[in-house]
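Asker: Quick one, start_15.txt (compact mmCIF, C-alpha atoms):
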# COMPACT_ATOMS: atom_id res chain seq x y z
CA MET A 1 106.11 131.73 99.66
CA SER A 2 102.75 130.03 99.20
CA ARG A 3 102.18 126.45 100.20
CA ARG A 4 102.50 123.77 97.58
CA PRO A 5 99.21 122.58 96.10
CA LYS A 6 97.62 119.37 97.26
CA PRO A 7 95.21 116.95 95.58
CA TRP A 8 91.47 117.30 95.98
CA PHE A 9 88.59 114.99 95.12
CA ARG A 10 85.93 115.89 92.57
CA LYS A 11 82.83 113.76 93.12
CA GLY A 12 82.13 111.36 90.30
CA ARG A 13 85.35 112.20 88.46
CA GLY A 14 88.39 111.54 90.64
CA TRP A 15 91.40 113.34 92.14
CA TYR A 16 92.84 116.59 90.76
CA ALA A 17 95.60 119.06 91.64
CA GLN A 18 96.46 122.61 90.59
CA ILE A 19 99.99 122.40 89.18
CA ASP A 20 101.71 125.26 87.37
CA GLY A 21 98.41 127.10 87.15
CA LYS A 22 96.60 124.19 85.50
CA GLN A 23 94.13 121.66 86.85
CA CYS A 24 95.62 118.18 86.34
CA PHE A 25 93.68 114.94 86.61
CA LEU A 26 95.66 112.52 88.78
CA ALA A 27 93.65 109.29 89.16
CA ARG A 28 90.37 107.91 90.50
CA ASP A 29 92.12 105.98 93.28
CA LYS A 30 93.44 108.12 96.15
CA SER A 31 96.71 106.22 96.58
CA GLN A 32 97.48 106.32 92.86
CA ALA A 33 96.52 110.01 92.77
CA TYR A 34 99.02 110.95 95.49
CA ASP A 35 101.74 108.89 93.79
CA ARG A 36 101.06 110.78 90.54
CA PHE A 37 100.94 114.09 92.41
CA HIS A 38 104.39 113.62 93.95
CA GLU A 39 105.76 112.47 90.61
CA LEU A 40 104.51 115.65 88.91
CA MET A 41 105.69 117.89 91.74
CA SER A 42 109.17 116.35 91.63
CA ARG A 43 109.50 117.66 88.07
CA CYS A 44 108.79 121.24 89.14
CA PRO A 45 111.71 123.45 90.15
CA SER A 46 112.14 123.13 93.89
CA PRO A 47 111.91 126.43 95.79
CA VAL A 48 113.68 124.98 98.82
CA ALA A 49 116.85 126.85 97.90
CA ARG A 50 115.11 130.03 99.07
CA GLY A 51 114.62 128.80 102.60
CA ASP A 52 112.81 126.30 104.74
CA GLU A 53 109.23 126.01 103.56
CA ILE A 54 107.73 123.09 105.47
CA ALA A 55 105.62 121.75 102.61
CA VAL A 56 108.66 121.61 100.33
CA LEU A 57 110.80 119.85 102.91
CA LEU A 58 108.11 117.24 103.53
CA ASP A 59 107.67 116.69 99.79
CA LEU A 60 111.41 116.19 99.37
CA PHE A 61 111.40 113.68 102.21
CA LEU A 62 108.47 111.82 100.65
CA ASP A 63 110.22 111.74 97.27
CA TRP A 64 113.27 110.21 98.95
CA THR A 65 111.11 107.74 100.90
CA LYS A 66 109.32 106.63 97.74
CA GLN A 67 112.66 105.88 96.08
CA HIS A 68 114.43 104.21 99.00
CA ARG A 69 111.72 102.58 101.11
CA ALA A 70 108.88 100.10 100.65
CA PRO A 71 105.62 101.42 99.13
CA ARG A 72 103.66 100.85 102.33
CA THR A 73 106.30 102.85 104.27
CA TYR A 74 105.90 105.71 101.83
CA ASP A 75 102.11 105.58 102.21
CA TRP A 76 102.42 105.56 106.00
CA TYR A 77 104.57 108.71 106.04
CA ARG A 78 102.56 110.46 103.34
CA GLU A 79 99.30 110.11 105.22
CA ARG A 80 100.57 111.36 108.58
CA LEU A 81 102.66 114.20 107.16
CA GLN A 82 99.68 115.44 105.15
CA TRP A 83 97.58 115.49 108.34
CA PHE A 84 100.29 117.47 110.10
CA LEU A 85 100.71 119.91 107.21
CA ASP A 86 96.97 120.58 107.16
CA SER A 87 97.06 121.47 110.87
CA ILE A 88 99.67 124.24 110.82
CA PRO A 89 99.49 127.84 109.48
CA LYS A 90 100.32 128.12 105.78
CA SER A 91 102.94 130.83 106.42
CA LEU A 92 104.83 128.82 109.06
CA ARG A 93 108.41 127.94 108.16
CA ALA A 94 110.63 125.21 109.58
CA THR A 95 112.70 127.69 111.63
CA GLN A 96 109.45 128.90 113.24
CA LEU A 97 108.12 125.43 113.97
CA LYS A 98 107.93 124.54 117.67
CA PRO A 99 107.11 121.32 119.51
CA TYR A 100 103.81 122.84 120.66
CA HIS A 101 102.60 122.91 117.04
CA VAL A 102 102.85 119.11 116.98
CA GLN A 103 101.31 118.77 120.44
CA GLU A 104 98.34 120.99 119.54
CA TRP A 105 97.78 118.91 116.40
CA LEU A 106 97.62 115.72 118.47
CA ASP A 107 95.50 117.27 121.23
CA ALA A 108 92.92 118.21 118.60
CA HIS A 109 92.27 114.48 118.11
CA PRO A 110 91.33 113.05 121.53
CA SER A 111 90.01 109.86 119.93
CA TRP A 112 93.47 108.91 118.67
CA SER A 113 95.17 106.23 120.76
CA SER A 114 98.54 106.80 122.42
CA THR A 115 100.10 104.35 119.96
CA HIS A 116 98.70 106.26 116.98
CA LYS A 117 99.88 109.60 118.38
CA ARG A 118 103.32 108.13 118.98
CA GLY A 119 103.46 107.07 115.34
CA CYS A 120 102.43 110.54 114.17
CA ILE A 121 105.21 112.15 116.21
CA THR A 122 107.68 109.64 114.79
CA ALA A 123 106.66 110.50 111.22
CA VAL A 124 107.17 114.24 111.77
CA GLN A 125 110.45 113.78 113.62
CA ARG A 126 111.93 111.53 110.96
CA ALA A 127 111.04 113.94 108.17
CA PHE A 128 112.82 116.85 109.85
CA SER A 129 115.70 114.65 110.96
CA TRP A 130 116.16 113.65 107.32
CA ALA A 131 116.10 117.34 106.29
CA ARG A 132 118.85 118.05 108.83
CA LYS A 133 121.01 115.15 107.65
CA MET A 134 120.61 116.22 104.03
CA GLY A 135 121.68 119.78 104.84
CA TYR A 136 118.35 121.56 104.33
CA LEU A 137 118.19 122.48 108.03
CA ASP A 138 120.84 123.11 110.67
CA VAL A 139 118.76 121.49 113.41
CA SER A 140 115.47 119.64 113.64
CA PRO A 141 112.87 121.82 115.38
CA VAL A 142 110.93 118.79 116.69
CA ALA A 143 113.73 116.48 117.81
CA HIS A 144 112.89 116.58 121.51
CA ILE A 145 109.13 116.11 121.60
CA GLU A 146 108.07 113.72 124.34
CA LYS A 147 106.24 110.72 122.90
CA PRO A 148 103.36 108.97 124.66
CA THR A 149 103.92 105.37 125.64
CA ALA A 150 102.66 102.87 123.10
CA ALA A 151 99.78 100.75 124.36
CA GLN A 152 100.59 97.12 125.07
CA ARG A 153 98.77 94.53 122.98
CA ASP A 154 97.55 92.41 125.87
CA ILE A 155 94.17 91.37 124.44
CA VAL A 156 94.05 87.74 123.37
CA ILE A 157 91.10 86.53 121.28
CA ALA A 158 89.58 83.35 122.68
CA GLN A 159 88.53 80.58 120.30
CA ASP A 160 84.83 81.18 120.97
CA GLU A 161 85.30 84.90 120.28
CA TYR A 162 86.96 84.09 116.96
CA ASP A 163 84.13 81.70 116.07
CA LYS A 164 81.59 84.42 116.85
CA ILE A 165 83.46 86.92 114.67
CA LEU A 166 83.38 84.50 111.74
CA SER A 167 79.69 83.78 112.30
CA LEU A 168 78.91 87.48 111.90
CA VAL A 169 80.86 87.79 108.63
CA ALA A 170 78.61 86.95 105.70
CA ASP A 171 81.02 87.34 102.77
CA GLN A 172 83.68 84.74 102.02
CA GLU A 173 86.17 87.44 101.02
CA PHE A 174 86.52 88.87 104.52
CA ARG A 175 86.29 85.42 106.11
CA ASP A 176 89.26 84.26 104.01
CA LEU A 177 91.32 87.26 105.12
CA LEU A 178 90.50 86.68 108.79
CA THR A 179 91.23 82.96 108.51
CA ALA A 180 94.62 83.57 106.92
CA CYS A 181 95.63 85.99 109.69
CA TRP A 182 94.31 83.72 112.45
CA GLU A 183 96.02 80.54 111.24
CA THR A 184 99.38 81.93 110.04
CA GLY A 185 100.13 84.86 112.37
CA CYS A 186 101.20 86.97 109.38
CA ARG A 187 101.44 90.73 109.67
CA PRO A 188 98.31 92.54 108.44
CA GLN A 189 100.26 94.30 105.70
CA GLU A 190 101.55 90.92 104.49
CA ALA A 191 98.03 89.53 104.18
CA LEU A 192 96.90 92.63 102.29
CA ALA A 193 99.87 92.56 99.90
CA VAL A 194 100.36 88.85 99.15
CA GLY A 195 99.78 87.87 95.54
CA ALA A 196 100.26 84.85 93.29
CA ARG A 197 103.91 85.76 92.71
CA HIS A 198 104.64 85.27 96.42
CA VAL A 199 103.12 81.79 96.63
CA ASP A 200 105.15 78.60 96.95
CA LEU A 201 102.43 75.97 97.33
CA GLU A 202 104.87 73.09 97.02
CA ASN A 203 106.29 74.11 100.38
CA SER A 204 103.04 75.58 101.75
CA ARG A 205 104.30 79.11 102.17
CA TRP A 206 104.28 82.71 100.99
CA VAL A 207 107.70 84.19 100.29
CA PHE A 208 108.25 87.95 100.21
CA PRO A 209 111.59 89.13 98.74
CA PRO A 210 113.81 91.32 100.96
CA LYS A 211 112.71 94.58 99.32
CA GLU A 212 109.09 93.79 100.25
CA SER A 213 109.83 92.51 103.74
CA LYS A 214 109.94 94.39 107.01
CA GLY A 215 113.51 95.59 107.48
CA ARG A 216 114.30 94.95 103.79
CA LYS A 217 117.24 92.71 104.71
CA ARG A 218 116.04 89.15 104.25
CA PRO A 219 113.10 87.28 102.73
CA ARG A 220 109.98 86.94 104.85
CA VAL A 221 108.43 83.48 104.79
CA VAL A 222 104.87 82.87 105.98
CA TYR A 223 104.05 79.19 106.49
CA LEU A 224 100.54 78.02 105.70
CA THR A 225 98.15 75.58 107.31
CA GLU A 226 96.28 73.20 105.00
CA ASN A 227 93.22 75.40 105.27
CA VAL A 228 95.07 78.59 104.32
CA ALA A 229 96.95 76.77 101.54
CA ALA A 230 93.56 75.77 100.07
CA ILE A 231 92.31 79.37 100.35
CA THR A 232 95.53 80.58 98.71
CA ARG A 233 95.17 78.12 95.83
CA LEU A 234 91.63 79.29 95.06
CA ARG A 235 92.37 82.97 95.37
CA MET A 236 95.54 82.93 93.27
CA MET A 237 93.60 81.19 90.49
CA LYS A 238 91.07 84.01 90.57
CA TRP A 239 93.57 86.86 90.96
CA ARG A 240 96.79 86.12 89.08
CA GLU A 241 97.98 89.73 89.26
CA GLY A 242 98.13 91.97 92.30
CA PRO A 243 96.89 91.18 95.83
CA MET A 244 94.85 87.99 96.10
CA PHE A 245 92.75 88.99 99.11
CA ARG A 246 90.04 91.30 97.81
CA ASN A 247 86.63 92.55 98.85
CA THR A 248 83.29 91.68 97.30
CA LYS A 249 83.83 94.32 94.61
CA GLY A 250 87.12 92.79 93.54
CA ARG A 251 89.22 95.57 95.03
CA PRO A 252 92.32 94.84 97.16
CA TRP A 253 91.67 95.24 100.87
CA HIS A 254 92.87 98.59 102.22
CA PRO A 255 93.67 99.05 105.94
CA TYR A 256 90.84 101.57 106.19
CA ALA A 257 88.37 99.14 104.64
CA VAL A 258 89.39 96.44 107.11
CA ASN A 259 89.07 98.91 109.98
CA CYS A 260 85.56 99.84 108.80
CA ARG A 261 84.53 96.19 108.82
CA PHE A 262 85.70 95.77 112.40
CA GLU A 263 84.00 99.06 113.32
CA ARG A 264 80.68 97.70 112.05
CA LEU A 265 81.21 94.47 113.97
CA LYS A 266 81.92 96.39 117.18
CA ASN A 267 78.24 96.93 118.02
CA LYS A 268 77.52 93.20 117.84
CA LEU A 269 80.72 92.04 119.54
CA GLY A 270 81.01 94.72 122.22
CA ARG A 271 84.69 95.27 121.40
CA LYS A 272 86.74 96.71 118.56
CA TYR A 273 89.12 94.15 117.03
CA CYS A 274 91.94 94.55 114.53
CA LEU A 275 94.10 92.21 112.46
CA TYR A 276 97.13 92.75 114.70
CA LEU A 277 95.19 91.13 117.55
CA PHE A 278 94.92 88.03 115.35
CA ARG A 279 98.71 87.96 115.01
CA HIS A 280 99.19 88.59 118.74
CA THR A 281 96.73 85.80 119.55
CA PHE A 282 98.48 83.42 117.14
CA ALA A 283 101.79 83.93 118.97
CA THR A 284 100.12 83.43 122.35
CA ARG A 285 98.39 80.23 121.17
CA MET A 286 101.62 78.81 119.79
CA LEU A 287 103.55 79.52 123.00
CA GLU A 288 100.78 78.12 125.18
CA SER A 289 100.67 74.96 123.07
CA GLY A 290 104.30 74.30 124.02
CA LEU A 291 106.01 75.41 120.81
CA ASP A 292 109.49 76.72 121.59
CA ALA A 293 110.15 80.47 121.41
CA LEU A 294 112.66 80.19 118.56
CA THR A 295 110.17 78.42 116.29
CA VAL A 296 107.41 80.89 117.16
CA ALA A 297 109.79 83.78 116.41
CA ILE A 298 110.56 82.29 112.99
CA LEU A 299 106.87 81.81 112.22
CA LEU A 300 106.19 85.44 113.15
CA GLY A 301 109.11 86.74 111.11
CA HIS A 302 110.97 88.18 114.11
CA GLN A 303 114.70 88.56 113.60
CA ASN A 304 115.34 88.33 117.33
CA PRO A 305 113.51 85.82 119.59
CA ALA A 306 114.10 88.17 122.52
CA MET A 307 111.25 90.28 121.17
CA LEU A 308 108.86 87.53 122.27
CA SER A 309 109.91 88.00 125.89
CA ALA A 310 109.10 91.70 125.79
CA THR A 311 105.82 91.36 123.90
CA TYR A 312 104.35 88.21 125.44
CA GLN A 313 105.42 88.53 129.07
CA HIS A 314 101.73 88.37 130.05
CA LEU A 315 102.14 84.58 129.86
CA ALA A 316 104.30 84.83 132.97
CA HIS A 317 101.13 85.84 134.85
CA ASN A 318 99.02 82.95 133.55
CA PRO A 319 99.04 80.34 136.35
CA ARG A 320 97.37 77.62 134.29
CA PHE A 321 99.92 77.98 131.52
CA LEU A 322 102.87 77.88 133.93
CA ALA A 323 101.45 74.90 135.80
CA GLU A 324 100.96 73.01 132.54
CA GLN A 325 104.53 73.80 131.47
CA LEU A 326 105.80 72.46 134.78
CA ARG A 327 103.80 69.22 134.37
CA ARG A 328 105.15 68.74 130.86
CA ALA A 329 108.73 69.29 132.00
CA SER A 330 108.29 66.88 134.91
CA ALA A 331 106.62 64.12 132.87
Take the structure I supplied and represent it as structure tokens, if you would.
Answerer:
Amino acid sequence: MSRRPKPWFRKGRGWYAQIDGKQCFLARDKSQAYDRFHELMSRCPSPVARGDEIAVLLDLFLDWTKQHRAPRTYDWYRERLQWFLDSIPKSLRATQLKPYHVQEWLDAHPSWSSTHKRGCITAVQRAFSWARKMGYLDVSPVAHIEKPTAAQRDIVIAQDEYDKILSLVADQEFRDLLTACWETGCRPQEALAVGARHVDLENSRWVFPPKESKGRKRPRVVYLTENVAAITRLRMMKWREGPMFRNTKGRPWHPYAVNCRFERLKNKLGRKYCLYLFRHTFATRMLESGLDALTVAILLGHQNPAMLSATYQHLAHNPRFLAEQLRRASA
């Protein structure tokens, strides 16, 4: 059985796919094109009844993910599973898949970090685990792959480093995004997704409903400083629909676009930064300022304050911080 078609880009025109023997225009935007592609493919008769074609199983998993998980979760799986599918032989079936196929895929990308490789393994494992639970497979062929250890986020951005970053950013659009992440400690995906409908300026906060929050169990509230509240007010007036943080062309920030900006700053700063370091630094600053762990956990959106102990244990090796805490307790 041949592999299912996949979208391709036609310069100057947009994304297309060969479906049922016909070339179909999907969209100009890549994300919208893949959404349309999976929608069209879901209408085609599924050949999975004939066996265990990997492309079909992954498409079925993505269809289920799109229906039952947050959009950004679907995008995360779709991207990594497409990379994996492109790396294996077209004739390979799920019963022939071995852990070494996954390992060879990862080894072909030495520039990928251990954390990124761990995420890629997780994506593949969950897809085949889902196929097993749904009855498409008797066992998952990749259940026992050894994952690399995720790298610890132990880099903290000093105030002068942050000031230097801002000084090198010429456009207000990216400066606003960086400021919001620095002063609120929000997750990067929250900053990229927040729109006017999430804003509660009366209480200086963004409120994401459970279905748009991490874990999808309870609302996520991001509290705003006066500075970020002012930025929010201006941006929601300009962008009443969709994400409010946008680039100079008026397009919503995409994780890749943000990564490219930091990549260009790397040569001037001598280090590659990312928005998650802003969140990590926010938590460290709050704890070092004497704010209690429960309050910091709430501000970060953690359901369990114990997560702070595991993630920010580097403070236990900061003698100045510990000495200051002792002086405060003894005062």
Asker: Just how far from atom CA of A:Ala70 is atom CA of A:Lys238, in Å to one decimal?
Answerer: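 Taking atom CA of A:Lys238 and atom CA of A:Ala70, their separation equals 26.0 Å.
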Asker: So which one's closest to A:Arg251, A:Tyr77, A:Tyr273, A:Phe278, A:Phe174? Using all atoms listed in the file, please.
Answerer: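 Smallest distance to A:Arg251 is found for A:Phe174.
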Asker: Which is closer to A:Phe61 than all the others in A:Ala131, A:Cys274, A:Met244, A:Glu146, using all atoms listed in the file?
Answerer: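 Counting all atoms listed in the file, the residue closest to A:Phe61 is A:Ala131.
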Asker: Rank nothing, just name the residue among A:Glu79, A:Glu263, A:Asp171, A:Glu183 nearest to A:Ala123, using all atoms listed in the file.
Answerer: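 Answer, going by the shortest atom-to-atom distance: A:Glu79.
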Asker: Need the neighbours of (95.7, 75.8, 98.6): which residues are at most 12 Å away, counting all atoms listed in the file, as an MDAnalysis selection string?
Answerer: chainID A and resid 176 180 196 199:206 223:237
Asker: Provide the atom CA of A:Lys98 to atom CA of A:Tyr74 distance in Å, to one decimal place.
Answerer: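 Separation of atom CA of A:Lys98 and atom CA of A:Tyr74: 24.7 Å.
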Asker: Contacts of A:Ser167 at 12 Å or less, counting all atoms listed in the file, minus same-chain residues fewer than 6 places along, as JSON, numbers by chain?
Answerer: {"A": [160, 161, 174, 175, 178, 265, 268, 269]}
Asker: List as a PyMOL selection string the protein and nucleic acid residues near A:Cys120, meaning an atom at most 7 Å away when all atoms listed in the file are counted, but skip any in the same chain fewer than 4 places from it.
Answerer: chain A and resi 80+116+124
Asker: Suppose you want the space between atom CA of A:Ala108 and atom CA of A:Val139; what is it in Å?
Answerer: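 Here the two named atoms are 26.6 Å from each other.
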Asker: I'd like the contact shell of A:Ala94 - 12 Å cut-off, only C-alpha atoms, skipping same-chain residues fewer than 4 positions apart - returned as a PyMOL selection string.
Answerer: chain A and resi 48+51-58+85+88-90+98-99+101+124+127-129+131-132+136-142
Asker: Which one is closest to A:His280: A:Trp76, A:Trp182, A:Trp8, A:Phe37? Count only C-alpha atoms.
Answerer: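 Selected residue with least distance to A:His280: A:Trp182.
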Asker: Would you write out, as JSON lines, a table of all residues in stretch 22-137 of chain A that have an atom no more than 12 Å from an atom of stretch 254-257 of chain A, listing for each the closest atom pair and the distance in Å to one decimal, considering only C-alpha atoms and ordering rows by chain and rising residue number?
Answerer:
{"residue": "A:Asp29", "atom": "CA", "partner": "A:His254", "partner_atom": "CA", "distance": 11.6}
{"residue": "A:Lys30", "atom": "CA", "partner": "A:His254", "partner_atom": "CA", "distance": 11.3}
{"residue": "A:Ser31", "atom": "CA", "partner": "A:His254", "partner_atom": "CA", "distance": 10.2}
{"residue": "A:Arg72", "atom": "CA", "partner": "A:Pro255", "partner_atom": "CA", "distance": 10.8}
{"residue": "A:Asp75", "atom": "CA", "partner": "A:Pro255", "partner_atom": "CA", "distance": 11.3}
{"residue": "A:Trp76", "atom": "CA", "partner": "A:Pro255", "partner_atom": "CA", "distance": 10.9}
Asker: For each of A:Gly301, A:Thr184, A:Tyr100, A:Trp64, take the minimum atom-to-atom distance to A:Met134, counting all atoms listed in the file, then give the residue where this is smallest.
Answerer: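 Nearest candidate to A:Met134 out of A:Gly301, A:Thr184, A:Tyr100, A:Trp64: A:Trp64.
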Asker: Of the candidates A:Val102, A:Leu168, A:Cys24, A:Ala33, which shows the shortest atom-to-atom distance to A:Asn267, using all atoms listed in the file?
Answerer: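 Smallest distance to A:Asn267 is found for A:Leu168.
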